[in-house]
Amino acid sequence: MPPAELFAVEPFDFEIVLAPRLPAQAPPFIDEALASWLLRFADPFGVSPQALLLGDAETEFTIHPEWWRRPDATVLVALAHRTGVAAERIKALSFADWPGDSGIDAVPERFARPRYISEQPTRQSRRIGVCAGCLADDEQPYIRRDWTLGWAAACAAHGAVLVRECAACGAKLRLPAFASDEHFAADRCSRCGFALGRTEVRPAADVVIRFQKRLLVGRPLGLIDLPGVGELDWEIAVALFDVLLGAVWIDTKPTARDQLFTRIARDLNSAPFGSAPHGGYEGLSVLAWMFEGWPERVQVALAILRAVRPHRQLMRWPHLNEKLRRRVEELLLPCWPDERSYSNRAWWRSWIDNLPETAEELRTTAARERLPHRRARLLAIADVREGMPVEIAADLADFMPRTLYIWLKRGAAGGLDAALERPRWQYLTESQVMELAEWIATAQPDGPRWRANRVQNEALRRFGTEISVHVASRLLRRHGPWRRRRVLAKKPLTVAPSYG
Ligand SMILES: [Zn+2]
Ligand SMILES: [Zn+2]
């Protein structure tokens with residue numbers, strides 16, 4: 001303290017005279033949340049933090065249940081007086097210096113599925129996640145500041161997913177209210193008393209921890225540095241995350257999401273996502289995975305999810321303000337090849353780009369086409385015509401990318417018919433395929449589904465040709481009366497809920 005301050009006369013303050021400085025029995029830990037420290041500080045006195053540390057003069061600054069995230073300077077000064085801990089040190093326990101929208105930080109499980117599909121997601125205050133490893137190691141258990149961030153999902157020190165629910169009773173973990181004078185134990189479930197340090201640790205993938213670190217490093221500056229994208233304002237980054245996660249969580253089928261999560265877990269070299277992969281950790285994992293391979297992985301995700309294209313995804317977010325929308329558009333639309341102009345095209349590209357038929361026309365032709373292999377090729381070529389990457393179009397149509405490349409090259413050399421000409425089934429001629437197709441079509445629609453070996457036997461009997469189970473099942477799928485090929489009609493677009 002500079003000498004001048006030692007002799008400075010404190011201005012007379014009635015409030016402070018009545019509330020004398022308390023012995024600082026519980027100094028704050030450097031990475032502690034302000035709320036955690038205040039609760040720990042008041043605990044030995046058997047009084048609530050509000051009664052012990054907050055006077056009437058601060059009331060108006062402490063009405064909001066989340067005030068401790070960004071305490072007012074008045075409150076900091078008062079707390080410093082009463083606890084003997086420097087105001088700057090107290091301020092460092094909060095997010096007072098963080099620029100931009102602090103609401104985003106306070107929303108529990110900000111990137112979890114409920115934020116995207118529920119009209120009334122929880123607004124519960126003081127929700128936290130904890131690291132069981134940290135709490136188990138603590139001599140004096142305390143809640144880390146960063147655990148109070150709604151989007152934080154992992155502990156870097158323990159490589160563990162943060163725990164947000166009591167493993168014993170299922171209660172969502174929350175900090176007690178400041179008006180509560182009940183005993184505070186940071187490492188116990190406040191409902192059932194379970195020792196949270198004993199929660200079984202779920203490992204977090206390194207890639208996710210690194211991604212979260214980018215957010216933790218960038219967030220105090222309001223600038224997030226994303227691989228492949230560069231630095232973005234916090235609000236823009238979150239708007240981009242929302243559109244990306246909206247594509248994952250909104251209007252997608254659980255089976256498609258499972259397929260995506262299996263792929264992500266494989267790429268991240270991590271454990272499978274588990275039976276209810278809807279939490280904040282999964283949301284953060286999706287983002288970490290996408291930005292690790294930006295923008296190709298966004299394409300892969302949209303293709304696996306059968307999700308609508310980026311420009312339609314953006315329409316889900318009508319409440320985005322214009323500035324954010326424009327930035328997100330600039331970032332997102334080039335992710336889809338037909339929405340960017342690029343120079344380095346493969347040689348067959350000019351053929352497909354100059355096809356007289358549009359993608360829609362190719363699909364219409366496909367719908368009328370009776371030969372399965374021609375129909376499948378037409379659909380895949382329509383996707384490529386529309387700008388879908390060959391790998392993804394092939395993936396969707398269940399072909400090897402190499403196969404689709406071969407057709408495209410044949411088409412470029414000899415025209416569309418050349419691309420469709422060769423039968424996909426190597427051992428059956430086109431007329432034989434038609435014959436089998438007609439035979440399959442005579443099955444009873446409400447009778448039991450035929451098995452593939454019945455078709456195999458029939459092919460052998462009629463033509464003396466052995467066909468694979470794969471080919472036989474494909475014929476059944478295409479021509480059996482049991483289930484029609486799904487018509488890809490445009491569904492009405494679901495709009496994301498309108499909360500912050
Ligand atoms: Zn930890
Ligand atoms: Zn509990």
# chains A, B, ... in the order shown; residues from 1 in each chain; ligands from 1

call {"tool": "residues_near_ligand", "arguments": {"ligand": "ligand 1", "cutoff": "9 Å", "atoms": "only C-alpha atoms and all ligand atoms", "output": "PyMOL selection string"}}
result
chain A and resi 130-137+154-162

call {"tool": "write_last_selection", "arguments": {"atoms": "N, CA and C atoms", "output": "PDB file, in the first residue's frame"}}
result
ATOM      1  N   VAL A 130     -19.041 -29.370 -11.856  1.00  0.00           N
ATOM      2  CA  VAL A 130     -17.852 -29.523 -11.015  1.00  0.00           C
ATOM      3  C   VAL A 130     -16.976 -30.643 -11.561  1.00  0.00           C
ATOM      4  N   CYS A 131     -15.680 -30.536 -11.254  1.00  0.00           N
ATOM      5  CA  CYS A 131     -14.784 -31.644 -11.597  1.00  0.00           C
ATOM      6  C   CYS A 131     -14.614 -32.493 -10.350  1.00  0.00           C
ATOM      7  N   ALA A 132     -15.017 -33.747 -10.456  1.00  0.00           N
ATOM      8  CA  ALA A 132     -14.936 -34.646  -9.300  1.00  0.00           C
ATOM      9  C   ALA A 132     -13.482 -34.789  -8.847  1.00  0.00           C
ATOM     10  N   GLY A 133     -12.559 -34.822  -9.818  1.00  0.00           N
ATOM     11  CA  GLY A 133     -11.143 -34.971  -9.492  1.00  0.00           C
ATOM     12  C   GLY A 133     -10.630 -33.788  -8.683  1.00  0.00           C
ATOM     13  N   CYS A 134     -10.970 -32.583  -9.113  1.00  0.00           N
ATOM     14  CA  CYS A 134     -10.543 -31.380  -8.396  1.00  0.00           C
ATOM     15  C   CYS A 134     -11.084 -31.399  -6.970  1.00  0.00           C
ATOM     16  N   LEU A 135     -12.383 -31.686  -6.830  1.00  0.00           N
ATOM     17  CA  LEU A 135     -12.989 -31.677  -5.496  1.00  0.00           C
ATOM     18  C   LEU A 135     -12.373 -32.747  -4.598  1.00  0.00           C
ATOM     19  N   ALA A 136     -12.053 -33.899  -5.202  1.00  0.00           N
ATOM     20  CA  ALA A 136     -11.448 -34.973  -4.415  1.00  0.00           C
ATOM     21  C   ALA A 136     -10.052 -34.570  -3.944  1.00  0.00           C
ATOM     22  N   ASP A 137      -9.357 -33.770  -4.773  1.00  0.00           N
ATOM     23  CA  ASP A 137      -7.993 -33.355  -4.420  1.00  0.00           C
ATOM     24  C   ASP A 137      -7.973 -32.179  -3.441  1.00  0.00           C
ATOM     25  N   ALA A 154     -15.502 -29.254 -19.380  1.00  0.00           N
ATOM     26  CA  ALA A 154     -14.435 -30.205 -19.056  1.00  0.00           C
ATOM     27  C   ALA A 154     -13.390 -29.568 -18.150  1.00  0.00           C
ATOM     28  N   CYS A 155     -12.693 -30.410 -17.395  1.00  0.00           N
ATOM     29  CA  CYS A 155     -11.566 -29.953 -16.583  1.00  0.00           C
ATOM     30  C   CYS A 155     -10.282 -30.390 -17.292  1.00  0.00           C
ATOM     31  N   ALA A 156      -9.436 -29.387 -17.596  1.00  0.00           N
ATOM     32  CA  ALA A 156      -8.206 -29.694 -18.320  1.00  0.00           C
ATOM     33  C   ALA A 156      -7.235 -30.461 -17.433  1.00  0.00           C
ATOM     34  N   ALA A 157      -7.216 -30.128 -16.140  1.00  0.00           N
ATOM     35  CA  ALA A 157      -6.252 -30.766 -15.234  1.00  0.00           C
ATOM     36  C   ALA A 157      -6.520 -32.266 -15.103  1.00  0.00           C
ATOM     37  N   HIS A 158      -7.766 -32.633 -15.066  1.00  0.00           N
ATOM     38  CA  HIS A 158      -8.099 -34.055 -14.875  1.00  0.00           C
ATOM     39  C   HIS A 158      -8.563 -34.733 -16.156  1.00  0.00           C
ATOM     40  N   GLY A 159      -8.658 -33.980 -17.252  1.00  0.00           N
ATOM     41  CA  GLY A 159      -9.141 -34.564 -18.492  1.00  0.00           C
ATOM     42  C   GLY A 159     -10.506 -35.191 -18.300  1.00  0.00           C
ATOM     43  N   ALA A 160     -11.349 -34.486 -17.548  1.00  0.00           N
ATOM     44  CA  ALA A 160     -12.648 -35.072 -17.180  1.00  0.00           C
ATOM     45  C   ALA A 160     -13.799 -34.165 -17.607  1.00  0.00           C
ATOM     46  N   VAL A 161     -14.921 -34.801 -17.910  1.00  0.00           N
ATOM     47  CA  VAL A 161     -16.138 -34.048 -18.205  1.00  0.00           C
ATOM     48  C   VAL A 161     -16.679 -33.502 -16.888  1.00  0.00           C
ATOM     49  N   LEU A 162     -17.082 -32.237 -16.874  1.00  0.00           N
ATOM     50  CA  LEU A 162     -17.644 -31.662 -15.655  1.00  0.00           C
ATOM     51  C   LEU A 162     -18.966 -32.352 -15.313  1.00  0.00           C
TER      52      LEU A 162
END

call {"tool": "closest_atom_pairs", "arguments": {"of": "range 323-388 of chain A", "to": "range 461-474 of chain A", "cutoff": "12 Å", "atoms": "only C-alpha atoms", "output": "JSON lines"}}
result
{"residue": "A:Pro372", "atom": "CA", "partner": "A:Arg474", "partner_atom": "CA", "distance": 8.8}
{"residue": "A:His373", "atom": "CA", "partner": "A:Arg474", "partner_atom": "CA", "distance": 10.0}
{"residue": "A:Ala376", "atom": "CA", "partner": "A:Arg474", "partner_atom": "CA", "distance": 10.9}

call {"tool": "write_last_selection", "arguments": {"atoms": "C-alpha atoms", "output": "short mmCIF file (atom, residue, chain, number, x, y, z; two decimals), in the first residue's frame"}}
result
data_model
loop_
_atom_site.label_atom_id
_atom_site.label_comp_id
_atom_site.auth_asym_id
_atom_site.auth_seq_id
_atom_site.Cartn_x
_atom_site.Cartn_y
_atom_site.Cartn_z
CA PRO A 372 -32.33 -49.20 -60.07
CA HIS A 373 -28.71 -48.59 -60.94
CA ALA A 376 -29.19 -44.39 -58.03
#

call {"tool": "closest_residue", "arguments": {"among": "A:Ser190, A:Asn453, A:Thr442, A:Thr199", "to": "ligand 2", "atoms": "only C-alpha atoms and all ligand atoms"}}
result
A:Ser190

call {"tool": "closest_residue", "arguments": {"among": "A:Ala237, A:Ala205, A:Ala380, A:Cys192", "to": "ligand 2", "atoms": "only C-alpha atoms and all ligand atoms"}}
result
A:Cys192

call {"tool": "residues_around", "arguments": {"residues": "range 253-263 of chain A", "least_positions_apart": "3", "cutoff": "7 Å", "atoms": "only C-alpha atoms", "output": "list in words"}}
result
Arg266, Asp267, Pro272, Phe273, Ala301, Ile304 and Leu305 of chain A

call {"tool": "write_last_selection", "arguments": {"atoms": "N, CA and C atoms", "output": "compact mmCIF listing (two decimals), in the first residue's frame"}}
result
# COMPACT_ATOMS: atom_id res chain seq x y z
N ARG A 266 -15.10 -41.43 -33.04
CA ARG A 266 -14.00 -42.12 -33.72
C ARG A 266 -12.90 -41.12 -34.08
N ASP A 267 -13.30 -39.99 -34.68
CA ASP A 267 -12.31 -38.99 -35.07
C ASP A 267 -11.59 -38.38 -33.88
N PRO A 272 -17.36 -43.62 -26.74
CA PRO A 272 -18.65 -43.29 -27.35
C PRO A 272 -19.43 -42.29 -26.51
N PHE A 273 -20.35 -41.58 -27.14
CA PHE A 273 -21.06 -40.51 -26.46
C PHE A 273 -22.04 -41.00 -25.41
N ALA A 301 -21.03 -33.38 -41.56
CA ALA A 301 -22.09 -33.41 -40.55
C ALA A 301 -23.46 -33.19 -41.20
N ILE A 304 -24.39 -36.36 -43.11
CA ILE A 304 -24.79 -37.47 -42.24
C ILE A 304 -26.15 -37.21 -41.61
N LEU A 305 -26.38 -35.97 -41.22
CA LEU A 305 -27.64 -35.64 -40.54
C LEU A 305 -28.80 -35.48 -41.52

call {"tool": "residues_near_ligand", "arguments": {"ligand": "ligand 2", "cutoff": "6 Å", "atoms": "only C-alpha atoms and all ligand atoms", "output": "list in words"}}
result
Cys166, Ala168, Cys169, Gly170, Ala171, Cys189, Arg191, Cys192, Gly193 and Phe194 of chain A

call {"tool": "select_by_dssp", "arguments": {"residues": "range 351-397 of chain A", "states": "alpha helix (DSSP H)", "output": "ChimeraX atom specification"}}
result
/A:351-353,359-368,372-385,390-397

call {"tool": "write_last_selection", "arguments": {"atoms": "N, CA and C atoms", "output": "mmCIF file, in the first residue's frame"}}
result
data_model
loop_
_atom_site.group_PDB
_atom_site.id
_atom_site.type_symbol
_atom_site.label_atom_id
_atom_site.label_comp_id
_atom_site.auth_asym_id
_atom_site.auth_seq_id
_atom_site.Cartn_x
_atom_site.Cartn_y
_atom_site.Cartn_z
ATOM 1 N N TRP A 351 -18.097 -30.334 -67.161
ATOM 2 C CA TRP A 351 -19.155 -31.133 -67.783
ATOM 3 C C TRP A 351 -20.420 -31.054 -66.934
ATOM 4 N N ILE A 352 -20.250 -31.343 -65.642
ATOM 5 C CA ILE A 352 -21.448 -31.413 -64.804
ATOM 6 C C ILE A 352 -22.064 -30.030 -64.602
ATOM 7 N N ASP A 353 -21.204 -29.023 -64.522
ATOM 8 C CA ASP A 353 -21.742 -27.663 -64.365
ATOM 9 C C ASP A 353 -22.516 -27.210 -65.599
ATOM 10 N N ALA A 359 -30.257 -30.062 -61.317
ATOM 11 C CA ALA A 359 -30.315 -31.132 -60.316
ATOM 12 C C ALA A 359 -31.758 -31.610 -60.141
ATOM 13 N N GLU A 360 -32.679 -30.669 -60.121
ATOM 14 C CA GLU A 360 -34.084 -31.038 -59.943
ATOM 15 C C GLU A 360 -34.571 -31.906 -61.102
ATOM 16 N N GLU A 361 -34.168 -31.516 -62.304
ATOM 17 C CA GLU A 361 -34.587 -32.304 -63.474
ATOM 18 C C GLU A 361 -33.988 -33.705 -63.443
ATOM 19 N N LEU A 362 -32.738 -33.787 -62.997
ATOM 20 C CA LEU A 362 -32.114 -35.111 -62.887
ATOM 21 C C LEU A 362 -32.878 -35.968 -61.883
ATOM 22 N N ARG A 363 -33.310 -35.353 -60.821
ATOM 23 C CA ARG A 363 -34.066 -36.107 -59.807
ATOM 24 C C ARG A 363 -35.425 -36.548 -60.342
ATOM 25 N N THR A 364 -36.050 -35.675 -61.124
ATOM 26 C CA THR A 364 -37.333 -36.037 -61.731
ATOM 27 C C THR A 364 -37.140 -37.228 -62.665
ATOM 28 N N THR A 365 -36.070 -37.166 -63.457
ATOM 29 C CA THR A 365 -35.766 -38.300 -64.336
ATOM 30 C C THR A 365 -35.549 -39.559 -63.511
ATOM 31 N N ALA A 366 -34.818 -39.400 -62.410
ATOM 32 C CA ALA A 366 -34.534 -40.552 -61.549
ATOM 33 C C ALA A 366 -35.825 -41.167 -61.026
ATOM 34 N N ALA A 367 -36.770 -40.308 -60.659
ATOM 35 C CA ALA A 367 -38.025 -40.817 -60.108
ATOM 36 C C ALA A 367 -38.782 -41.644 -61.142
ATOM 37 N N ARG A 368 -38.608 -41.304 -62.422
ATOM 38 C CA ARG A 368 -39.308 -42.052 -63.484
ATOM 39 C C ARG A 368 -38.533 -43.282 -63.929
ATOM 40 N N PRO A 372 -32.832 -49.705 -61.350
ATOM 41 C CA PRO A 372 -32.325 -49.200 -60.069
ATOM 42 C C PRO A 372 -30.954 -48.548 -60.158
ATOM 43 N N HIS A 373 -30.055 -49.164 -60.933
ATOM 44 C CA HIS A 373 -28.706 -48.592 -60.941
ATOM 45 C C HIS A 373 -28.698 -47.227 -61.609
ATOM 46 N N ARG A 374 -29.553 -47.074 -62.634
ATOM 47 C CA ARG A 374 -29.609 -45.775 -63.318
ATOM 48 C C ARG A 374 -30.220 -44.728 -62.386
ATOM 49 N N ARG A 375 -31.224 -45.164 -61.643
ATOM 50 C CA ARG A 375 -31.866 -44.225 -60.735
ATOM 51 C C ARG A 375 -30.874 -43.762 -59.654
ATOM 52 N N ALA A 376 -30.156 -44.734 -59.087
ATOM 53 C CA ALA A 376 -29.189 -44.395 -58.032
ATOM 54 C C ALA A 376 -28.124 -43.443 -58.558
ATOM 55 N N ARG A 377 -27.645 -43.722 -59.767
ATOM 56 C CA ARG A 377 -26.612 -42.856 -60.341
ATOM 57 C C ARG A 377 -27.142 -41.460 -60.620
ATOM 58 N N LEU A 378 -28.370 -41.418 -61.151
ATOM 59 C CA LEU A 378 -28.959 -40.112 -61.433
ATOM 60 C C LEU A 378 -29.073 -39.270 -60.160
ATOM 61 N N LEU A 379 -29.480 -39.927 -59.076
ATOM 62 C CA LEU A 379 -29.620 -39.189 -57.817
ATOM 63 C C LEU A 379 -28.273 -38.675 -57.316
ATOM 64 N N ALA A 380 -27.261 -39.537 -57.403
ATOM 65 C CA ALA A 380 -25.927 -39.121 -56.952
ATOM 66 C C ALA A 380 -25.387 -38.001 -57.839
ATOM 67 N N ILE A 381 -25.611 -38.134 -59.153
ATOM 68 C CA ILE A 381 -25.127 -37.106 -60.083
ATOM 69 C C ILE A 381 -25.896 -35.797 -59.840
ATOM 70 N N ALA A 382 -27.183 -35.913 -59.516
ATOM 71 C CA ALA A 382 -27.959 -34.710 -59.199
ATOM 72 C C ALA A 382 -27.361 -33.992 -57.998
ATOM 73 N N ASP A 383 -26.963 -34.762 -56.977
ATOM 74 C CA ASP A 383 -26.350 -34.147 -55.799
ATOM 75 C C ASP A 383 -25.068 -33.409 -56.166
ATOM 76 N N VAL A 384 -24.248 -34.056 -57.000
ATOM 77 C CA VAL A 384 -22.989 -33.424 -57.395
ATOM 78 C C VAL A 384 -23.273 -32.195 -58.271
ATOM 79 N N ARG A 385 -24.276 -32.345 -59.135
ATOM 80 C CA ARG A 385 -24.675 -31.230 -60.005
ATOM 81 C C ARG A 385 -25.028 -30.000 -59.158
ATOM 82 N N VAL A 390 -18.178 -34.843 -53.996
ATOM 83 C CA VAL A 390 -18.343 -36.212 -54.496
ATOM 84 C C VAL A 390 -18.312 -37.231 -53.361
ATOM 85 N N GLU A 391 -17.390 -37.019 -52.408
ATOM 86 C CA GLU A 391 -17.267 -37.975 -51.293
ATOM 87 C C GLU A 391 -18.593 -38.073 -50.540
ATOM 88 N N ILE A 392 -19.213 -36.918 -50.350
ATOM 89 C CA ILE A 392 -20.436 -36.917 -49.548
ATOM 90 C C ILE A 392 -21.612 -37.467 -50.351
ATOM 91 N N ALA A 393 -21.679 -37.091 -51.625
ATOM 92 C CA ALA A 393 -22.751 -37.633 -52.471
ATOM 93 C C ALA A 393 -22.639 -39.156 -52.523
ATOM 94 N N ALA A 394 -21.410 -39.658 -52.630
ATOM 95 C CA ALA A 394 -21.198 -41.102 -52.686
ATOM 96 C C ALA A 394 -21.582 -41.744 -51.355
ATOM 97 N N ASP A 395 -21.167 -41.091 -50.275
ATOM 98 C CA ASP A 395 -21.476 -41.584 -48.938
ATOM 99 C C ASP A 395 -22.990 -41.717 -48.760
ATOM 100 N N LEU A 396 -23.720 -40.691 -49.209
ATOM 101 C CA LEU A 396 -25.173 -40.694 -49.061
ATOM 102 C C LEU A 396 -25.821 -41.787 -49.888
ATOM 103 N N ALA A 397 -25.278 -42.027 -51.082
ATOM 104 C CA ALA A 397 -25.884 -43.007 -51.978
ATOM 105 C C ALA A 397 -25.368 -44.416 -51.697
#

call {"tool": "residues_around", "arguments": {"residues": "range 38-43 of chain A", "least_positions_apart": "6", "cutoff": "12 Å", "atoms": "only C-alpha atoms", "output": "PyMOL selection string"}}
result
chain A and resi 22-29+32+49-54+68+76+79-80+82-85+90+93-94+140-143+175-187

call {"tool": "write_last_selection", "arguments": {"atoms": "N, CA and C atoms", "output": "short mmCIF file (atom, residue, chain, number, x, y, z; two decimals), in the first residue's frame"}}
result
data_model
loop_
_atom_site.label_atom_id
_atom_site.label_comp_id
_atom_site.auth_asym_id
_atom_site.auth_seq_id
_atom_site.Cartn_x
_atom_site.Cartn_y
_atom_site.Cartn_z
N LEU A 22 -14.47 -8.16 9.21
CA LEU A 22 -14.47 -9.49 9.79
C LEU A 22 -13.12 -10.15 9.56
N PRO A 23 -12.72 -11.01 10.46
CA PRO A 23 -11.44 -11.68 10.23
C PRO A 23 -11.52 -12.55 8.97
N ALA A 24 -10.57 -12.37 8.08
CA ALA A 24 -10.61 -13.13 6.83
C ALA A 24 -10.15 -14.55 7.10
N GLN A 25 -11.07 -15.35 7.55
CA GLN A 25 -10.68 -16.72 7.89
C GLN A 25 -10.56 -17.59 6.65
N ALA A 26 -11.29 -17.21 5.64
CA ALA A 26 -11.27 -18.00 4.41
C ALA A 26 -10.85 -17.11 3.25
N PRO A 27 -9.54 -16.95 3.06
CA PRO A 27 -9.12 -16.14 1.91
C PRO A 27 -9.53 -16.83 0.61
N PRO A 28 -9.81 -16.05 -0.42
CA PRO A 28 -10.25 -16.69 -1.67
C PRO A 28 -9.10 -17.41 -2.36
N PHE A 29 -9.42 -18.49 -3.02
CA PHE A 29 -8.43 -19.13 -3.89
C PHE A 29 -8.38 -18.36 -5.20
N GLU A 32 -11.09 -19.16 -7.72
CA GLU A 32 -12.40 -19.44 -7.13
C GLU A 32 -13.48 -18.51 -7.69
N PRO A 49 -24.39 -15.29 3.65
CA PRO A 49 -23.48 -14.26 3.12
C PRO A 49 -24.18 -12.91 3.00
N GLN A 50 -25.45 -12.97 2.68
CA GLN A 50 -26.17 -11.71 2.50
C GLN A 50 -26.24 -10.94 3.82
N ALA A 51 -26.58 -11.64 4.89
CA ALA A 51 -26.70 -10.98 6.18
C ALA A 51 -25.32 -10.54 6.69
N LEU A 52 -24.31 -11.36 6.40
CA LEU A 52 -22.99 -11.06 6.96
C LEU A 52 -22.24 -9.99 6.18
N LEU A 53 -22.35 -10.04 4.85
CA LEU A 53 -21.44 -9.25 4.03
C LEU A 53 -22.09 -8.18 3.17
N LEU A 54 -23.40 -8.27 2.99
CA LEU A 54 -24.03 -7.33 2.08
C LEU A 54 -24.98 -6.42 2.85
N TRP A 68 -23.10 -11.75 -8.84
CA TRP A 68 -21.71 -12.06 -8.48
C TRP A 68 -20.84 -12.35 -9.71
N LEU A 76 -18.00 -4.32 -4.66
CA LEU A 76 -16.61 -4.75 -4.47
C LEU A 76 -15.97 -3.98 -3.33
N LEU A 79 -17.42 -5.18 -0.01
CA LEU A 79 -16.90 -6.51 0.35
C LEU A 79 -15.45 -6.42 0.80
N ALA A 80 -14.68 -5.56 0.14
CA ALA A 80 -13.28 -5.38 0.51
C ALA A 80 -13.20 -4.86 1.95
N ARG A 82 -15.37 -5.23 4.35
CA ARG A 82 -15.86 -6.16 5.37
C ARG A 82 -15.01 -7.43 5.49
N THR A 83 -14.30 -7.76 4.43
CA THR A 83 -13.52 -9.01 4.49
C THR A 83 -12.03 -8.78 4.62
N GLY A 84 -11.60 -7.55 4.35
CA GLY A 84 -10.17 -7.28 4.41
C GLY A 84 -9.42 -7.80 3.20
N VAL A 85 -10.11 -8.24 2.21
CA VAL A 85 -9.46 -8.70 0.97
C VAL A 85 -9.57 -7.58 -0.06
N ILE A 90 -10.87 -9.45 -5.23
CA ILE A 90 -12.25 -9.96 -5.24
C ILE A 90 -12.80 -9.91 -6.67
N LEU A 93 -12.26 -12.70 -9.01
CA LEU A 93 -13.05 -13.92 -8.83
C LEU A 93 -14.31 -13.88 -9.69
N SER A 94 -14.49 -12.76 -10.37
CA SER A 94 -15.73 -12.58 -11.14
C SER A 94 -15.38 -12.42 -12.63
N GLN A 140 -9.45 -27.82 0.99
CA GLN A 140 -10.68 -27.07 1.29
C GLN A 140 -11.46 -26.97 -0.01
N PRO A 141 -12.48 -27.77 -0.16
CA PRO A 141 -13.19 -27.79 -1.45
C PRO A 141 -13.81 -26.43 -1.76
N TYR A 142 -13.68 -26.04 -3.04
CA TYR A 142 -14.27 -24.77 -3.47
C TYR A 142 -14.67 -24.88 -4.93
N ILE A 143 -15.54 -23.97 -5.35
CA ILE A 143 -16.04 -23.97 -6.73
C ILE A 143 -15.20 -23.02 -7.57
N LEU A 175 -25.23 -23.58 -6.82
CA LEU A 175 -24.72 -22.92 -5.62
C LEU A 175 -25.91 -22.50 -4.77
N PRO A 176 -25.77 -22.53 -3.45
CA PRO A 176 -26.88 -22.07 -2.61
C PRO A 176 -27.12 -20.56 -2.82
N ALA A 177 -28.30 -20.11 -2.45
CA ALA A 177 -28.59 -18.68 -2.53
C ALA A 177 -27.82 -17.95 -1.44
N PHE A 178 -27.55 -16.66 -1.66
CA PHE A 178 -26.79 -15.89 -0.66
C PHE A 178 -27.60 -15.63 0.60
N ALA A 179 -28.91 -15.78 0.47
CA ALA A 179 -29.75 -15.56 1.65
C ALA A 179 -29.81 -16.81 2.53
N SER A 180 -29.22 -17.89 2.02
CA SER A 180 -29.32 -19.16 2.76
C SER A 180 -28.25 -19.23 3.85
N ASP A 181 -28.66 -19.62 5.06
CA ASP A 181 -27.66 -19.75 6.14
C ASP A 181 -27.34 -21.22 6.41
N GLU A 182 -27.75 -22.08 5.47
CA GLU A 182 -27.43 -23.49 5.65
C GLU A 182 -25.93 -23.72 5.42
N HIS A 183 -25.45 -24.80 6.04
CA HIS A 183 -24.03 -25.12 5.91
C HIS A 183 -23.66 -25.31 4.44
N PHE A 184 -22.56 -24.68 4.03
CA PHE A 184 -22.13 -24.79 2.63
C PHE A 184 -20.93 -25.72 2.52
N ALA A 185 -21.06 -26.77 1.74
CA ALA A 185 -19.92 -27.64 1.45
C ALA A 185 -19.84 -27.77 -0.06
N ALA A 186 -18.79 -27.20 -0.65
CA ALA A 186 -18.67 -27.16 -2.10
C ALA A 186 -18.62 -28.57 -2.71
N ASP A 187 -18.16 -29.54 -1.92
CA ASP A 187 -17.98 -30.88 -2.49
C ASP A 187 -19.14 -31.82 -2.19
#
